[in-house]
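Report on the following structure.
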Amino acid sequence: MSGRTEGGAIERVHRRFSFVFFLAALVGLFLALPASAAYVDDQFQAWLQTDLWPEAKSKGISKKTFDAVFLGVKPNLKLPDLVMPGEKPATPQKQHQAEFGAPANYFAEKIVRAVTLGGRTRESANSRVLGLIEKRYGVPGEIVLAIWGRETGFGAAKMPYDAFEVLGTDAFMSTKKDFFRTELLAALEIVQRGLAPVNAMKSSWAGALGQPQFMPTSFLKHAVDFDGDGRPDIWNSTPDVLASIANYLVHYGWVRGRGWGFEVTVPESVSCSLEGPDQGKKISQWAAMGIKRVDGKPFPASELKAEGFLLMPAGRSGPAFIATPNFYVLKEYNTSDLYALFIGHGADGIAHGDQNFSGSWGPVGDLHRSDIAALQRALEAKGYDVGSADGLPGFKTRRSIGKWQTKNGEPATCFPDAGLVAALK
């Protein structure tokens, strides 16, 4: 009897101890879960006061503005490309996913039509403002509308983020701290100068502001008060949005009176390796080489003595163009050839009605970015300038492929494919 009682007591003590241990472990687990976020927040607040504030102060930011901007702001740990305090950036993983899609996908009919139809509607509704903008800046209204439509669906896209949360997080702990620190200081300057109130500073997840999607440094350089209310409002004022886009293009060299380019046919006698903004010729020279507009019209007389550039975004497997310097101004908005081409194509659709390219996109774009990067590295090893081995076939990569193909007795296609990857390996 006494033995059974003693054993039961020991068992009960053991169970209690196990339960208490379990509760302690469970509490410890729950306490540990937010500890990481709390630790990061503590580090962020310390960084704001000891690191960022001295530089902001030296640039004329008041403590009142600084404190108002960061009131309640905490790091957003859901943003991409972050490195936790005290940790080293992860080693980039080799990319195997098929991230590089066919160029034709970029020009899907529903995407293009959304810009062209929306642009025509807004062209009519904003004709007076667009006329004044074109008169002042020399940028056609259709170009401005196409950018507006592409960037934020004519303002329909929501800006759900606090710009200071995004820029502050990235300046503190992203893999591109220096870039975002510059942008964060510019955002502080926007508020300090009264160009926008703190509660208006809404951005995309990348920190781009308003309907034109300007980074803060671009806002300071290019945003315009076109409606005359005393400040440039790229979140709510359509005149300010449109004029700011035009002003951006002008600052990067938009040439008044010229379009962006012409779709053309390129005879086999003209090498696709002649592509690029550093291989320009007078348009009359391109014409003399047998390059013709696809609509059968001659190049405008005003263009013949002007410089143009061969553009073949998919090499011999897609439409070809003679681009003007304005095409490369469009690339300053987004460095992609396809983006600039989309804007030009969309603007043409707004001006003249929906139209497809005459040339068709061939079966390209099924390679992995890692395959294209390997090809680029192989070409670099052979002395070719591919720009960078980033897995994206820009014009330097395309023409390097063409030069290598010609040198090795193959027809120049100027675009990567699986056979080429295998041959260069």
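Letters for chains follow the order of the structure tokens (A, B, ...), residue numbers begin at 1 for each chain, and ligand numbers begin at 1 in the order shown.
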Inset, instruction - Find the spatial neighbours of Gln43 in chain A, counting only C-alpha atoms, within a cut-off of 10 Å - ignore same-chain residues fewer than 4 positions away - and output them as a ChimeraX atom specification. - result: /A:37-39,47-48,75,85,172
Inset, instruction - Extract, using only C-alpha atoms, all DNA, RNA and protein residues at most 12 Å from Leu392 in chain A, discarding same-chain residues fewer than 5 positions from it, and format them as a ChimeraX atom specification. - result: /A:98-103,313-314,335-338,365,367-376,386-387,397-398,415-416
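Distance annotation: of A:Ala171, A:Ala422, A:Cys414, A:Val264, the residue with the minimal separation from Val364 in chain A is A:Cys414; atom set is only C-alpha atoms.
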Legend entry - Counting only C-alpha atoms, the residue of A:Ile401, A:Leu185, A:Met159, A:Tyr384 that sits nearest Gly60 in chain A: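 Of A:Ile401, A:Leu185, A:Met159, A:Tyr384, the one nearest Gly60 in chain A, counting only C-alpha atoms, is A:Leu185.
For the residues A:His251, A:Thr152, A:Pro325, A:Val69, ranking by smallest atom-to-atom distance to Asn199 in chain A using only C-alpha atoms places A:Val69 first.
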Inset, instruction - Work out how far CA of Gln355 in chain A is from CA of Val294 in chain A, in Å to one decimal. - result: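 CA of Val294 in chain A sits 12.5 Å away from CA of Gln355 in chain A.
Look at Thr413 in chain A: the protein and nucleic acid residues within 8 Å of it, using only C-alpha atoms and passing over chain neighbours fewer than 5 places away, are Cys272, Gly315, Arg316, Ser317, Ile401, Gly402 and Gln405 of chain A.
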Pull C-alpha atoms from the residues just selected and write them as a CSV table (one decimal), in the first residue's frame.
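Output (result_31.csv):
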```
chain,number,residue,atom,x,y,z
A,272,CYS,CA,21.9,41.7,-87.6
A,315,GLY,CA,17.4,38.8,-83.8
A,316,ARG,CA,16.3,37.3,-87.0
A,317,SER,CA,13.4,35.6,-85.2
A,401,ILE,CA,26.2,36.1,-81.0
A,402,GLY,CA,25.8,37.3,-84.6
A,405,GLN,CA,28.1,32.9,-85.8
```
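Of the listed residues (A:Met201, A:Lys331, A:Gly257, A:Gly344), A:Gly344 comes nearest to Leu145 in chain A; the distances count only C-alpha atoms.
CA of Phe395 in chain A sits 18.5 Å away from CA of Gly359 in chain A.
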Legend entry - Option closest in space to Met173 in chain A, from A:Pro160, A:Gly149, A:Gly194, A:Pro80 [counting only C-alpha atoms]: A:Pro80
May I have the residues within 9 Å of range 107-121 of chain A as a short mmCIF file (atom, residue, chain, number, x, y, z; two decimals) with N, CA and C atoms, in the first residue's frame, using only C-alpha atoms and disregarding those fewer than 5 positions away in the same chain?
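The resulting file, part.cif, is shown below:
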```cif
data_model
loop_
_atom_site.label_atom_id
_atom_site.label_comp_id
_atom_site.auth_asym_id
_atom_site.auth_seq_id
_atom_site.Cartn_x
_atom_site.Cartn_y
_atom_site.Cartn_z
N ASN A 126 -8.35 64.49 -71.98
CA ASN A 126 -7.27 65.39 -71.53
C ASN A 126 -6.62 66.12 -72.71
N GLU A 142 0.66 60.89 -77.08
CA GLU A 142 0.50 59.44 -77.12
C GLU A 142 1.63 58.73 -76.37
N LEU A 145 0.89 59.15 -72.64
CA LEU A 145 -0.23 58.29 -72.26
C LEU A 145 0.18 56.83 -72.19
N ALA A 146 1.02 56.39 -73.14
CA ALA A 146 1.46 55.00 -73.15
C ALA A 146 2.27 54.67 -71.90
N ILE A 147 3.12 55.58 -71.47
CA ILE A 147 3.90 55.35 -70.25
C ILE A 147 2.97 55.32 -69.04
N TRP A 148 2.06 56.26 -68.98
CA TRP A 148 1.10 56.31 -67.87
C TRP A 148 0.31 55.00 -67.78
N GLY A 149 -0.14 54.52 -68.95
CA GLY A 149 -0.91 53.28 -68.97
C GLY A 149 -0.08 52.08 -68.59
N ARG A 150 1.15 52.03 -69.06
CA ARG A 150 2.00 50.88 -68.77
C ARG A 150 2.42 50.85 -67.30
N GLY A 153 -1.55 51.62 -65.10
CA GLY A 153 -2.91 51.47 -65.63
C GLY A 153 -3.68 52.76 -65.57
N PHE A 154 -3.01 53.87 -65.94
CA PHE A 154 -3.61 55.21 -65.92
C PHE A 154 -4.04 55.61 -64.50
N LEU A 338 12.47 45.86 -74.74
CA LEU A 338 11.06 45.51 -74.95
C LEU A 338 10.14 46.53 -74.32
N PHE A 342 7.49 48.59 -76.38
CA PHE A 342 6.07 48.55 -76.00
C PHE A 342 5.50 49.96 -75.95
N HIS A 345 5.17 51.26 -79.51
CA HIS A 345 4.09 50.53 -80.18
C HIS A 345 2.73 50.95 -79.61
N GLY A 346 2.65 51.07 -78.29
CA GLY A 346 1.41 51.50 -77.66
C GLY A 346 1.01 52.91 -78.07
N ALA A 347 2.00 53.79 -78.16
CA ALA A 347 1.74 55.17 -78.59
C ALA A 347 1.21 55.20 -80.02
N ASP A 348 1.78 54.36 -80.89
CA ASP A 348 1.29 54.27 -82.27
C ASP A 348 -0.16 53.79 -82.29
N GLY A 349 -0.47 52.84 -81.41
CA GLY A 349 -1.84 52.33 -81.35
C GLY A 349 -2.82 53.37 -80.86
N ILE A 350 -2.40 54.20 -79.92
CA ILE A 350 -3.26 55.29 -79.44
C ILE A 350 -3.50 56.29 -80.56
N ALA A 351 -2.46 56.59 -81.33
CA ALA A 351 -2.56 57.60 -82.38
C ALA A 351 -3.30 57.10 -83.62
N GLY A 353 -4.81 53.71 -83.98
CA GLY A 353 -5.64 52.52 -83.86
C GLY A 353 -4.78 51.28 -83.67
N ASP A 354 -5.37 50.24 -83.09
CA ASP A 354 -4.63 49.01 -82.82
C ASP A 354 -4.02 48.45 -84.09
N ASN A 356 -0.94 45.32 -85.23
CA ASN A 356 0.08 44.35 -84.86
C ASN A 356 1.37 44.64 -85.61
#
```
Inset, instruction - Would you please work out which residue, of A:Ala200, A:Ala206, A:Ala381, A:Leu274, is nearest to Leu310 in chain A when using only C-alpha atoms? - result: A:Leu274
Inset, instruction - Write out as a list in words the residues lying within 10 Å of Lys382 in chain A, counting only C-alpha atoms and excluding same-chain residues fewer than 4 positions away. - result: Gln376, Arg377, Ala378, Trp404 and Leu424 of chain A
Would you mind listing what lies within 7 Å of Pro232 in chain A as an mmCIF file with C-alpha atoms, in the first residue's frame, with only C-alpha atoms counted and same-chain residues fewer than 6 positions away left out?
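Listed below is the output, selection.cif:
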```
data_model
loop_
_atom_site.group_PDB
_atom_site.id
_atom_site.type_symbol
_atom_site.label_atom_id
_atom_site.label_comp_id
_atom_site.auth_asym_id
_atom_site.auth_seq_id
_atom_site.Cartn_x
_atom_site.Cartn_y
_atom_site.Cartn_z
ATOM 1 C CA LEU A 195 6.522 69.125 -51.969
ATOM 2 C CA ALA A 223 8.165 66.228 -61.087
ATOM 3 C CA VAL A 224 6.204 69.254 -62.313
ATOM 4 C CA ASP A 225 3.393 71.392 -60.907
ATOM 5 C CA ASP A 240 1.018 66.982 -62.952
#
```
